[in-house]
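S.K.: What follows is model-v5.pdb, made up of PDB, C-alpha atoms and all ligand atoms:
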```pdb
MODEL        1
ATOM      1  CA  MET A  17     -30.904   5.581 -22.344
ATOM      2  CA  ALA A  18     -27.278   4.368 -22.459
ATOM      3  CA  GLN A  19     -26.315   2.094 -19.598
ATOM      4  CA  LYS A  20     -23.985   3.548 -17.010
ATOM      5  CA  PRO A  21     -20.621   1.784 -16.614
ATOM      6  CA  LYS A  22     -20.724  -0.820 -13.869
ATOM      7  CA  VAL A  23     -18.142  -0.397 -11.106
ATOM      8  CA  ALA A  24     -17.174  -2.719  -8.255
ATOM      9  CA  PHE A  25     -15.139  -2.159  -5.093
ATOM     10  CA  TYR A  26     -13.629  -4.951  -3.015
ATOM     11  CA  TRP A  27     -11.454  -5.069   0.096
ATOM     12  CA  CYS A  28      -8.810  -7.771   0.666
ATOM     13  CA  ALA A  29      -5.925  -7.649   3.216
ATOM     14  CA  SER A  30      -5.862  -3.988   4.172
ATOM     15  CA  CYS A  31      -7.089  -1.544   6.797
ATOM     16  CA  GLY A  32      -9.909  -0.311   4.557
ATOM     17  CA  GLY A  33      -8.564   3.234   4.307
ATOM     18  CA  CYS A  34      -8.688   3.080   0.500
ATOM     19  CA  GLU A  35     -12.458   2.663   0.596
ATOM     20  CA  GLU A  36     -12.638   5.549   3.074
ATOM     21  CA  THR A  37     -11.139   7.654   0.296
ATOM     22  CA  VAL A  38     -14.253   7.057  -1.779
ATOM     23  CA  ILE A  39     -16.203   8.654   1.072
ATOM     24  CA  ASP A  40     -13.606  11.468   1.160
ATOM     25  CA  LEU A  41     -14.779  12.441  -2.316
ATOM     26  CA  ASP A  42     -17.420  14.411  -0.336
ATOM     27  CA  GLU A  43     -20.082  15.835  -2.613
ATOM     28  CA  LYS A  44     -18.212  14.490  -5.653
ATOM     29  CA  VAL A  45     -19.349  11.034  -4.555
ATOM     30  CA  LEU A  46     -22.815  12.114  -5.800
ATOM     31  CA  ASP A  47     -21.302  12.710  -9.263
ATOM     32  CA  VAL A  48     -19.768   9.230  -9.086
ATOM     33  CA  VAL A  49     -23.079   7.656  -8.125
ATOM     34  CA  ALA A  50     -24.770   9.554 -10.972
ATOM     35  CA  ALA A  51     -22.140   8.541 -13.551
ATOM     36  CA  VAL A  52     -21.652   4.856 -12.688
ATOM     37  CA  ASP A  53     -23.660   1.909 -11.477
ATOM     38  CA  ILE A  54     -22.004   0.446  -8.361
ATOM     39  CA  VAL A  55     -22.710  -3.277  -8.570
ATOM     40  CA  PHE A  56     -20.555  -4.552  -5.693
ATOM     41  CA  TRP A  57     -19.223  -2.762  -2.609
ATOM     42  CA  PRO A  58     -19.524  -5.119   0.370
ATOM     43  CA  CYS A  59     -18.136  -2.663   2.920
ATOM     44  CA  ALA A  60     -20.816  -0.079   2.154
ATOM     45  CA  MET A  61     -23.824  -1.904   0.731
ATOM     46  CA  ASP A  62     -25.475  -5.313   1.039
ATOM     47  CA  PHE A  63     -24.203  -7.343  -1.904
ATOM     48  CA  LYS A  64     -23.723 -11.102  -2.123
ATOM     49  CA  TYR A  65     -21.034 -12.992  -4.033
ATOM     50  CA  SER A  66     -23.866 -14.539  -6.058
ATOM     51  CA  ASP A  67     -24.718 -11.048  -7.402
ATOM     52  CA  ILE A  68     -21.341 -11.096  -9.145
ATOM     53  CA  GLU A  69     -21.299 -14.797 -10.031
ATOM     54  CA  THR A  70     -24.477 -14.409 -12.099
ATOM     55  CA  MET A  71     -23.090 -11.486 -14.162
ATOM     56  CA  ALA A  72     -21.678 -12.015 -17.654
ATOM     57  CA  ASP A  73     -17.892 -12.143 -17.982
ATOM     58  CA  GLY A  74     -16.456  -8.687 -18.710
ATOM     59  CA  SER A  75     -19.707  -6.911 -17.864
ATOM     60  CA  ILE A  76     -18.217  -4.767 -15.063
ATOM     61  CA  ALA A  77     -16.390  -1.789 -16.572
ATOM     62  CA  VAL A  78     -13.860  -1.563 -13.753
ATOM     63  CA  SER A  79     -13.216  -3.208 -10.411
ATOM     64  CA  PHE A  80     -11.209  -1.315  -7.807
ATOM     65  CA  ILE A  81      -9.602  -3.977  -5.620
ATOM     66  CA  ASN A  82      -7.815  -2.768  -2.502
ATOM     67  CA  GLY A  83      -5.684  -4.871  -0.200
ATOM     68  CA  ALA A  84      -3.086  -7.570  -0.594
ATOM     69  CA  ILE A  85      -3.936 -11.254  -1.004
ATOM     70  CA  ARG A  86      -3.432 -13.209   2.216
ATOM     71  CA  THR A  87      -6.338 -15.681   2.250
ATOM     72  CA  SER A  88      -8.025 -18.091  -0.133
ATOM     73  CA  GLU A  89     -11.271 -16.093   0.088
ATOM     74  CA  GLN A  90      -9.530 -12.891  -1.012
ATOM     75  CA  GLU A  91      -7.944 -14.732  -3.938
ATOM     76  CA  HIS A  92     -11.285 -16.296  -4.902
ATOM     77  CA  VAL A  93     -13.198 -12.996  -4.969
ATOM     78  CA  ALA A  94     -10.364 -11.121  -6.701
ATOM     79  CA  ARG A  95     -10.267 -13.760  -9.461
ATOM     80  CA  LEU A  96     -14.077 -13.665  -9.729
ATOM     81  CA  LEU A  97     -13.963  -9.891 -10.221
ATOM     82  CA  ARG A  98     -11.141 -10.288 -12.742
ATOM     83  CA  ASN A  99     -13.335 -12.563 -14.856
ATOM     84  CA  LYS A 100     -16.320 -10.251 -14.661
ATOM     85  CA  SER A 101     -14.423  -7.001 -15.291
ATOM     86  CA  ALA A 102     -13.066  -5.321 -18.392
ATOM     87  CA  LEU A 103     -10.523  -3.500 -16.208
ATOM     88  CA  VAL A 104      -9.058  -4.156 -12.774
ATOM     89  CA  VAL A 105      -7.376  -1.365 -10.822
ATOM     90  CA  ALA A 106      -5.052  -2.255  -7.940
ATOM     91  CA  PHE A 107      -6.457   0.343  -5.582
ATOM     92  CA  GLY A 108      -3.802   1.565  -3.144
ATOM     93  CA  ASP A 109      -0.447   0.289  -1.973
ATOM     94  CA  CYS A 110      -1.537  -3.047  -0.483
ATOM     95  CA  ALA A 111      -2.999  -4.188  -3.799
ATOM     96  CA  TRP A 112      -0.196  -2.570  -5.810
ATOM     97  CA  MET A 113       2.849  -3.629  -3.741
ATOM     98  CA  GLY A 114       1.683  -5.571  -0.682
ATOM     99  CA  GLY A 115       1.483  -2.465   1.513
ATOM    100  CA  ILE A 116       1.895  -2.573   5.279
ATOM    101  CA  PRO A 117       0.528  -6.180   5.411
ATOM    102  CA  ALA A 118       3.517  -7.340   3.320
ATOM    103  CA  LEU A 119       5.890  -6.528   6.188
ATOM    104  CA  ALA A 120       4.492  -9.767   7.606
ATOM    105  CA  ASN A 121       6.501 -11.543   4.894
ATOM    106  CA  LEU A 122       9.485 -11.137   7.212
ATOM    107  CA  LYS A 123       7.743 -13.689   9.423
ATOM    108  CA  SER A 124       6.286 -17.136   8.791
ATOM    109  CA  LYS A 125       2.624 -17.997   9.190
ATOM    110  CA  LYS A 126       3.533 -20.121  12.212
ATOM    111  CA  GLY A 127       5.417 -17.252  13.821
ATOM    112  CA  ILE A 128       2.492 -14.887  13.231
ATOM    113  CA  PHE A 129      -0.039 -17.324  14.700
ATOM    114  CA  ASN A 130       2.185 -18.030  17.713
ATOM    115  CA  ARG A 131       2.593 -14.339  18.412
ATOM    116  CA  SER A 132      -1.046 -13.416  17.784
ATOM    117  CA  TYR A 133      -2.773 -16.271  19.590
ATOM    118  CA  LEU A 134      -0.269 -17.685  22.085
ATOM    119  CA  GLU A 135       2.625 -15.411  23.018
ATOM    120  CA  SER A 136       1.467 -11.809  22.978
ATOM    121  CA  PRO A 137       1.520 -10.397  26.547
ATOM    122  CA  THR A 138      -2.140  -9.411  26.334
ATOM    123  CA  ILE A 139      -3.346 -12.854  25.239
ATOM    124  CA  VAL A 140      -5.312 -15.057  27.665
ATOM    125  CA  ASN A 141      -5.627 -18.411  25.919
ATOM    126  CA  PRO A 142      -5.053 -21.252  28.408
ATOM    127  CA  GLU A 143      -6.476 -23.834  25.988
ATOM    128  CA  LYS A 144      -4.063 -22.640  23.283
ATOM    129  CA  ILE A 145      -6.783 -22.293  20.664
ATOM    130  CA  VAL A 146      -5.653 -21.124  17.216
ATOM    131  CA  PRO A 147      -7.881 -20.709  14.142
ATOM    132  CA  LEU A 148      -8.203 -23.855  12.040
ATOM    133  CA  GLU A 149      -9.358 -24.138   8.452
ATOM    134  CA  LYS A 150     -11.804 -26.849   9.551
ATOM    135  CA  SER A 151     -13.295 -27.453  12.967
ATOM    136  CA  VAL A 152     -16.500 -28.880  14.413
ATOM    137  CA  TYR A 153     -18.759 -26.726  16.585
ATOM    138  CA  LYS A 154     -21.809 -28.357  18.207
ATOM    139  CA  GLY A 155     -21.735 -31.129  15.635
ATOM    140  CA  THR A 156     -21.436 -28.810  12.626
ATOM    141  CA  GLU A 157     -18.311 -28.505  10.514
ATOM    142  CA  VAL A 158     -17.123 -24.905  10.374
ATOM    143  CA  THR A 159     -14.582 -23.708   7.807
ATOM    144  CA  LEU A 160     -12.368 -20.644   7.554
ATOM    145  CA  PRO A 161     -10.484 -19.354   4.510
ATOM    146  CA  LYS A 162      -6.922 -20.660   4.118
ATOM    147  CA  PHE A 163      -4.351 -18.234   5.558
ATOM    148  CA  TYR A 164      -1.432 -18.192   3.102
ATOM    149  CA  ASP A 165       2.176 -18.260   4.225
ATOM    150  CA  THR A 166       2.909 -15.217   2.060
ATOM    151  CA  VAL A 167       1.273 -11.835   1.468
ATOM    152  CA  TYR A 168       0.871 -11.396  -2.297
ATOM    153  CA  LYS A 169       0.397  -8.227  -4.269
ATOM    154  CA  LEU A 170      -2.600  -8.391  -6.569
ATOM    155  CA  ASP A 171      -0.656  -8.911  -9.795
ATOM    156  CA  ASP A 172       1.116 -11.915  -8.250
ATOM    157  CA  ILE A 173      -2.157 -13.816  -8.708
ATOM    158  CA  MET A 174      -3.831 -12.216 -11.749
ATOM    159  CA  GLU A 175      -3.594  -9.604 -14.491
ATOM    160  CA  VAL A 176      -3.982  -6.033 -13.295
ATOM    161  CA  ASP A 177      -4.649  -3.178 -15.713
ATOM    162  CA  TYR A 178      -3.864  -0.060 -13.661
ATOM    163  CA  TYR A 179      -2.388   0.891 -10.310
ATOM    164  CA  LEU A 180      -3.522   3.664  -7.977
ATOM    165  CA  PRO A 181      -0.778   4.577  -5.477
ATOM    166  CA  GLY A 182      -1.147   5.762  -1.915
ATOM    167  CA  CYS A 183      -1.862   4.608   1.590
ATOM    168  CA  PRO A 184      -4.552   5.520   0.962
ATOM    169  CA  PRO A 185      -4.781   7.056  -2.541
ATOM    170  CA  THR A 186      -5.905  10.655  -2.288
ATOM    171  CA  ALA A 187      -9.476  11.614  -3.152
ATOM    172  CA  LYS A 188      -8.061  13.659  -6.033
ATOM    173  CA  ILE A 189      -6.392  10.756  -7.817
ATOM    174  CA  VAL A 190      -9.391   8.487  -7.185
ATOM    175  CA  ALA A 191     -11.698  11.135  -8.697
ATOM    176  CA  ASN A 192      -9.323  11.523 -11.665
ATOM    177  CA  ALA A 193      -9.254   7.752 -12.208
ATOM    178  CA  LEU A 194     -13.042   7.468 -12.082
ATOM    179  CA  ALA A 195     -13.395  10.414 -14.473
ATOM    180  CA  ALA A 196     -10.922   8.781 -16.881
ATOM    181  CA  VAL A 197     -12.906   5.519 -16.774
ATOM    182  CA  VAL A 198     -16.204   7.302 -17.442
ATOM    183  CA  ALA A 199     -14.667   9.355 -20.293
ATOM    184  CA  GLY A 200     -12.800   6.341 -21.704
ATOM    185  CA  GLN A 201      -9.542   8.297 -21.467
ATOM    186  CA  LEU A 202      -7.267   5.991 -19.523
ATOM    187  CA  PRO A 203      -3.529   6.005 -20.288
ATOM    188  CA  GLU A 204      -1.517   3.034 -21.503
ATOM    189  CA  ARG A 205      -2.464  -0.232 -19.790
ATOM    190  CA  LYS A 206      -0.323  -1.163 -16.750
ATOM    191  CA  SER A 207       0.258   2.502 -15.908
ATOM    192  CA  VAL A 208       0.455   3.825 -12.381
ATOM    193  CA  LEU A 209      -2.217   6.532 -12.360
ATOM    194  CA  ALA A 210      -0.002   9.296 -10.916
ATOM    195  CA  SER A 211       3.052  11.367 -11.738
ATOM    196  CA  ASP A 212       6.316   9.607 -12.659
ATOM    197  CA  LYS A 213       8.404  12.283 -10.918
ATOM    198  CA  SER A 214       9.720  12.170  -7.364
ATOM    199  CA  LEU A 215       8.012  13.884  -4.450
ATOM    200  CA  CYS A 216      11.050  16.176  -4.066
ATOM    201  CA  SER A 217      10.174  17.697  -7.452
ATOM    202  CA  SER A 218       7.069  19.377  -6.027
ATOM    203  CA  CYS A 219       8.019  19.623  -2.333
ATOM    204  CA  SER A 220       7.980  23.146  -0.937
ATOM    205  CA  ARG A 221      11.308  22.452   0.839
ATOM    206  CA  ASN A 222      13.080  21.428  -2.343
ATOM    207  CA  GLU A 223      15.111  24.640  -2.507
ATOM    208  CA  THR A 224      16.693  23.822   0.831
ATOM    209  CA  LYS A 225      17.599  20.296  -0.225
ATOM    210  CA  PRO A 226      21.379  20.276  -0.550
ATOM    211  CA  ASP A 227      22.904  18.816  -3.725
ATOM    212  CA  SER A 228      25.160  16.694  -1.590
ATOM    213  CA  VAL A 229      24.115  15.872   1.947
ATOM    214  CA  ILE A 230      26.652  14.710   4.504
ATOM    215  CA  ILE A 231      25.050  12.958   7.438
ATOM    216  CA  LYS A 232      26.944  12.465  10.719
ATOM    217  CA  GLU A 233      23.962  11.033  12.507
ATOM    218  CA  PHE A 234      20.383  10.066  11.590
ATOM    219  CA  LYS A 235      17.754  11.510  13.838
ATOM    220  CA  ARG A 236      14.201  10.308  14.199
ATOM    221  CA  ILE A 237      11.435  12.845  14.048
ATOM    222  CA  HIS A 238      10.449  12.431  17.707
ATOM    223  CA  GLN A 239      14.022  13.112  18.837
ATOM    224  CA  VAL A 240      14.255  16.640  17.448
ATOM    225  CA  ILE A 241      12.198  19.736  16.830
ATOM    226  CA  ALA A 242      12.389  19.810  13.055
ATOM    227  CA  ASP A 243      12.709  23.143  11.293
ATOM    228  CA  PRO A 244       9.412  23.547   9.385
ATOM    229  CA  GLU A 245      10.999  25.118   6.294
ATOM    230  CA  THR A 246      14.162  23.064   5.719
ATOM    231  CA  CYS A 247      14.480  19.793   3.811
ATOM    232  CA  PHE A 248      14.374  16.892   6.265
ATOM    233  CA  LEU A 249      17.424  15.241   4.749
ATOM    234  CA  ALA A 250      19.420  18.407   5.355
ATOM    235  CA  GLN A 251      18.412  18.008   9.013
ATOM    236  CA  GLY A 252      19.611  14.379   9.152
ATOM    237  CA  ILE A 253      16.052  13.023   9.205
ATOM    238  CA  VAL A 254      15.244  10.212   6.769
ATOM    239  CA  CYS A 255      12.678  11.465   4.263
ATOM    240  CA  MET A 256      11.643   9.081   1.489
ATOM    241  CA  GLY A 257      10.903  11.949  -0.913
ATOM    242  CA  PRO A 258      13.797  11.248  -3.327
ATOM    243  CA  SER A 259      12.576   7.713  -4.096
ATOM    244  CA  THR A 260       8.822   8.306  -3.752
ATOM    245  CA  ARG A 261       6.342   9.133  -6.491
ATOM    246  CA  ASP A 262       4.853  12.615  -6.576
ATOM    247  CA  GLY A 263       1.108  13.259  -6.513
ATOM    248  CA  CYS A 264      -0.026  13.418  -2.890
ATOM    249  CA  ASP A 265       0.416  17.214  -2.499
ATOM    250  CA  TYR A 266       2.842  16.318   0.351
ATOM    251  CA  PRO A 267       0.501  16.594   3.368
ATOM    252  CA  CYS A 268       3.087  15.012   5.676
ATOM    253  CA  ILE A 269       5.783  17.574   4.821
ATOM    254  CA  LYS A 270       3.225  20.353   5.328
ATOM    255  CA  GLY A 271       2.567  18.860   8.756
ATOM    256  CA  ASN A 272       6.342  18.874   9.488
ATOM    257  CA  MET A 273       6.609  15.102   9.195
ATOM    258  CA  PRO A 274       9.020  13.419   6.773
ATOM    259  CA  CYS A 275       7.633  11.386   3.886
ATOM    260  CA  THR A 276       7.415   7.676   4.685
ATOM    261  CA  GLY A 277       7.011   6.742   1.027
ATOM    262  CA  CYS A 278       3.337   5.872   0.696
ATOM    263  CA  PHE A 279       3.053   6.862  -2.973
ATOM    264  CA  GLY A 280       5.468   4.065  -3.826
ATOM    265  CA  PRO A 281       8.585   4.154  -5.971
ATOM    266  CA  VAL A 282       9.212   6.544  -8.814
ATOM    267  CA  ALA A 283       8.846   4.840 -12.198
ATOM    268  CA  GLY A 284      11.277   1.980 -12.753
ATOM    269  CA  ALA A 285      12.927   2.151  -9.317
ATOM    270  CA  ASP A 286      13.117  -0.134  -6.321
ATOM    271  CA  GLN A 287      12.085   2.292  -3.605
ATOM    272  CA  GLY A 288      14.282   0.946  -0.820
ATOM    273  CA  ALA A 289      17.333   0.275  -2.976
ATOM    274  CA  ARG A 290      17.198   3.783  -4.390
ATOM    275  CA  MET A 291      16.868   5.331  -0.956
ATOM    276  CA  THR A 292      19.555   3.118   0.573
ATOM    277  CA  ALA A 293      21.928   4.045  -2.235
ATOM    278  CA  ALA A 294      21.111   7.720  -1.768
ATOM    279  CA  LEU A 295      21.743   7.593   1.975
ATOM    280  CA  GLY A 296      24.709   5.214   1.756
ATOM    281  CA  GLY A 297      26.654   7.807  -0.174
ATOM    282  CA  VAL A 298      26.118  10.596   2.312
ATOM    283  CA  ILE A 299      27.358   9.115   5.570
ATOM    284  CA  GLU A 300      30.345  11.089   6.743
ATOM    285  CA  SER A 301      32.728   8.330   7.730
ATOM    286  CA  GLU A 302      34.809   5.532   6.296
ATOM    287  CA  GLU A 303      35.336   3.748   9.604
ATOM    288  CA  GLU A 304      33.192   0.624   9.869
ATOM    289  CA  ALA A 305      32.310   1.175  13.539
ATOM    290  CA  ASP A 306      31.334   4.755  12.886
ATOM    291  CA  ILE A 307      29.241   3.802   9.850
ATOM    292  CA  GLU A 308      27.455   1.230  12.035
ATOM    293  CA  ARG A 309      26.770   3.915  14.630
ATOM    294  CA  VAL A 310      25.269   6.197  11.988
ATOM    295  CA  VAL A 311      23.201   3.399  10.415
ATOM    296  CA  SER A 312      21.901   2.369  13.857
ATOM    297  CA  GLY A 313      19.977   5.648  13.713
ATOM    298  CA  ILE A 314      17.634   3.735  11.354
ATOM    299  CA  PRO A 315      16.504   0.950  13.715
ATOM    300  CA  ASP A 316      13.967  -0.608  11.328
ATOM    301  CA  PRO A 317      15.438  -0.588   7.785
ATOM    302  CA  ALA A 318      12.730  -2.818   6.239
ATOM    303  CA  GLY A 319       9.964  -0.754   7.803
ATOM    304  CA  THR A 320      11.692   2.462   6.779
ATOM    305  CA  PHE A 321      12.625   1.677   3.169
ATOM    306  CA  TYR A 322       9.910  -0.859   2.258
ATOM    307  CA  ARG A 323       7.071   0.168   4.536
ATOM    308  CA  TYR A 324       4.520  -0.011   1.760
ATOM    309  CA  GLY A 325       6.062  -2.336  -0.797
ATOM    310  CA  LEU A 326       7.930  -5.373   0.455
ATOM    311  CA  SER A 327       6.007  -7.689  -1.917
ATOM    312  CA  ALA A 328       7.185  -5.588  -4.870
ATOM    313  CA  SER A 329      10.758  -5.117  -3.652
ATOM    314  CA  LEU A 330      14.025  -6.678  -4.726
ATOM    315  CA  LEU A 331      13.785  -8.616  -1.457
ATOM    316  CA  GLY A 332      10.595 -10.167  -2.814
ATOM    317  CA  SER A 333       8.013 -12.065  -0.825
ATOM    318  CA  LYS A 334      10.038 -15.040   0.180
ATOM    319  CA  ARG A 335      12.046 -14.020   3.233
ATOM    320  CA  LYS A 336      10.699 -15.657   6.368
ATOM    321  CA  ASP A 337      11.894 -16.110   9.915
ATOM    322  CA  LYS A 338      13.325 -19.502  10.770
ATOM    323  CA  ILE A 339      11.143 -21.557  13.080
TER     324      ILE A 339
HETATM  325  S1  LIG B   1      13.807  14.976   0.872
HETATM  326 FE1  LIG B   1      11.750  15.291   1.740
HETATM  327  S2  LIG B   1      11.781  17.360   2.639
HETATM  328 FE2  LIG B   1      13.548  17.182   1.248
HETATM  329  S3  LIG B   1      12.823  18.028  -0.687
HETATM  330 FE3  LIG B   1      12.514  15.791  -0.772
HETATM  331  S4  LIG B   1      10.406  15.475  -0.057
HETATM  332 FE4  LIG B   1      11.004  17.566   0.534
HETATM  333  S1  LIG B   2       4.290  12.900   1.868
HETATM  334 FE1  LIG B   2       4.945  10.747   1.514
HETATM  335  S2  LIG B   2       3.994   9.548   3.171
HETATM  336 FE2  LIG B   2       2.954  11.580   3.100
HETATM  337  S3  LIG B   2       1.161  11.247   1.757
HETATM  338 FE3  LIG B   2       2.844  11.969   0.438
HETATM  339  S4  LIG B   2       3.860  10.090  -0.343
HETATM  340 FE4  LIG B   2       2.581   9.515   1.417
ENDMDL
END
```
Spell out the structure here as structure tokens.
Ligand code: SF4
Ligand code: SF4
M.R.:
Amino acid sequence: MAQKPKVAFYWCASCGGCEETVIDLDEKVLDVVAAVDIVFWPCAMDFKYSDIETMADGSIAVSFINGAIRTSEQEHVARLLRNKSALVVAFGDCAWMGGIPALANLKSKKGIFNRSYLESPTIVNPEKIVPLEKSVYKGTEVTLPKFYDTVYKLDDIMEVDYYLPGCPPTAKIVANALAAVVAGQLPERKSVLASDKSLCSSCSRNETKPDSVIIKEFKRIHQVIADPETCFLAQGIVCMGPSTRDGCDYPCIKGNMPCTGCFGPVAGADQGARMTAALGGVIESEEEADIERVVSGIPDPAGTFYRYGLSASLLGSKRKDKI
């Protein structure tokens, strides 16, 4: 009997939602289990790193790696899987573009540690203990992985063959990707395994999207009762649809929430730059003070325009606070 393709899943710096999507396959997960041999999935089954280390190079058909790279342990295991795998898929936004964790690139490691372990109002830490890479506990040396100063996307540290977008990817595109692996029908290497069009192209509100929008004031979704049929941009609410890749079946729009951009940029675009350019041209004012008033309706530009992809943005991974 022919051997089933070996598949691995691994979880780096992320919330783990991408691996939840595998569970969201529902009964289709039984088809997956029947079609492939899962050889590594630490969040769901008891595997050891040594199980992978003893495998021949290239013997895993595909590894789905979710999460950004923030620690030395994540980098080590990702590189190990790279060596053992014919294909590596960056599984979800954190692996593809840094995801939500990459917003931490606006801060330094020192600033993050200070806030997390010393300054946060809910912290009680009179001895000012912070994690150390090496410490001694009851006479035994204890080590922790190195916490990098920067959140890296997966292809900052190694070759990646395909990218699955989403925060998390939908069950449908995960099932399609697995089916393509099993059938040996993957598209050109380095492809993003989703549509190249923008979300607006399939959005049910597209017909109400004006060709030219003039915005006097940006409103946030909690400040208004949004009309459930009309394009959010036409209502002065930032919706990332114009610069976001199609393929999610727009659940947020159906729930009367604007798109926050989790399917990443349309092919060849910088998601934030494209959106900023689109919005910059629609503010109804030429007076600097008035423009500032309108723009102040977007209080968190980085979190709005690069919520899922700061590591892959024109801003890059280098910007840090000054300490
Ligand atoms: S901007 Fe948002 S609401 Fe408007 S058509 Fe595009 S995705 Fe739909
Ligand atoms: S509508 Fe936007 S934020 Fe919501 S799932 Fe789709 S791409 Fe993600």
S.K.: When the PyMOL selection byres (((chain A and resi 215) around 10) and not hetatm) is applied to the file above, which residues end up in the set, as a ChimeraX atom specification?
M.R.: /A:211-214,216-220,222,256-266,275,277,279,281-282
S.K.: Produce a file of the selected residues containing C-alpha atoms, as an mmCIF file, in the frame of the given file.
M.R.:
```
data_model
loop_
_atom_site.group_PDB
_atom_site.id
_atom_site.type_symbol
_atom_site.label_atom_id
_atom_site.label_comp_id
_atom_site.auth_asym_id
_atom_site.auth_seq_id
_atom_site.Cartn_x
_atom_site.Cartn_y
_atom_site.Cartn_z
ATOM 1 C CA SER A 211 3.052 11.367 -11.738
ATOM 2 C CA ASP A 212 6.316 9.607 -12.659
ATOM 3 C CA LYS A 213 8.404 12.283 -10.918
ATOM 4 C CA SER A 214 9.720 12.170 -7.364
ATOM 5 C CA CYS A 216 11.050 16.176 -4.066
ATOM 6 C CA SER A 217 10.174 17.697 -7.452
ATOM 7 C CA SER A 218 7.069 19.377 -6.027
ATOM 8 C CA CYS A 219 8.019 19.623 -2.333
ATOM 9 C CA SER A 220 7.980 23.146 -0.937
ATOM 10 C CA ASN A 222 13.080 21.428 -2.343
ATOM 11 C CA MET A 256 11.643 9.081 1.489
ATOM 12 C CA GLY A 257 10.903 11.949 -0.913
ATOM 13 C CA PRO A 258 13.797 11.248 -3.327
ATOM 14 C CA SER A 259 12.576 7.713 -4.096
ATOM 15 C CA THR A 260 8.822 8.306 -3.752
ATOM 16 C CA ARG A 261 6.342 9.133 -6.491
ATOM 17 C CA ASP A 262 4.853 12.615 -6.576
ATOM 18 C CA GLY A 263 1.108 13.259 -6.513
ATOM 19 C CA CYS A 264 -0.026 13.418 -2.890
ATOM 20 C CA ASP A 265 0.416 17.214 -2.499
ATOM 21 C CA TYR A 266 2.842 16.318 0.351
ATOM 22 C CA CYS A 275 7.633 11.386 3.886
ATOM 23 C CA GLY A 277 7.011 6.742 1.027
ATOM 24 C CA PHE A 279 3.053 6.862 -2.973
ATOM 25 C CA PRO A 281 8.585 4.154 -5.971
ATOM 26 C CA VAL A 282 9.212 6.544 -8.814
#
```
S.K.: Within 12 Å of Val104 (chain A), counting all atoms listed in the file, which residues show up once you throw out same-chain ones fewer than 4 positions away? Write them as a ChimeraX atom specification, please.
M.R.: /A:23-26,74,76-82,94-100,111-112,170-171,174-180,193,197,205-207
S.K.: Grab the CA of Glu91 (chain A) to CA of Ile39 (chain A) distance for me, in Å with one decimal place.
M.R.: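 That distance, rounded to one decimal, is 25.3 Å.
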S.K.: Between CA of Gly200 (chain A) and CA of Cys59 (chain A), measure the distance and give it in Å to one decimal.
M.R.: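 According to the coordinates, CA of Gly200 (chain A) and CA of Cys59 (chain A) are separated by 26.8 Å.
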S.K.: Smallest atom-to-atom distance to ligand LIG 1 (chain B): which of A:Gly313, A:Phe321, A:Gln251, A:Arg290, using all atoms listed in the file?
M.R.: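 Smallest separation from ligand LIG 1 (chain B) among the options: A:Gln251.
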S.K.: Closest to ligand LIG 1 (chain B) among A:Val310, A:Asp243, A:Asp53, A:Ala318, using only C-alpha atoms and all ligand atoms?
M.R.: A:Asp243
S.K.: Out of A:Ala102, A:Ala51, A:Met113, A:Ala29, which residue has the shortest atom-to-atom distance to Arg323 (chain A) when counting all atoms listed in the file?
M.R.: A:Met113
S.K.: Which residues come within 8 Å of Val167 (chain A), counting only C-alpha atoms, excluding same-chain residues fewer than 6 positions away, as a list in words?
M.R.: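 My reading of the contact set: Ala84, Ile85, Arg86, Gly114, Pro117, Ala118, Ala120, Asn121, Ser327 and Ser333 of chain A.
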S.K.: Counting only C-alpha atoms, which residue out of A:Val55, A:Ala18, A:Cys34, A:Leu148 sits closest to Ser75 (chain A)?
M.R.: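 Checking each of A:Val55, A:Ala18, A:Cys34, A:Leu148 against Ser75 (chain A), counting only C-alpha atoms, the winner is A:Val55.
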S.K.: So how many Å separate CA of Ser66 (chain A) and CA of Leu46 (chain A), to one decimal?
M.R.: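 Pair CA of Ser66 (chain A) / CA of Leu46 (chain A) returns 26.7 Å.
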S.K.: Step by step, gather every atom of ligand LIG 2 (chain B) that the file lists, find the box along x, y and z that holds them, add 6 Å on each side, and finally give centre and edge lengths in Å to one decimal, as lines of an AutoDock Vina configuration file.
M.R.:
```
center_x = 3.1
center_y = 11.2
center_z = 1.4
size_x = 15.8
size_y = 15.4
size_z = 15.5
```
S.K.: Which of these, A:Ser151, A:Thr276, A:Thr70, A:Thr320, has the shortest distance to ligand LIG 2 (chain B) once you count all atoms listed in the file?
M.R.: A:Thr276
S.K.: Pick out the closest residue to Pro184 (chain A) from this set: A:Asp109, A:Asp67, A:Glu223, A:Glu308. Count all atoms listed in the file.
M.R.: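 Among the listed residues, the smallest separation from Pro184 (chain A) belongs to A:Asp109.
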S.K.: Find the spatial neighbours of Leu249 (chain A), counting only C-alpha atoms, within a cut-off of 9 Å - ignore same-chain residues fewer than 4 positions away - and output them as number ranges by chain.
M.R.: A: 225-226, 229, 231, 253-255, 274
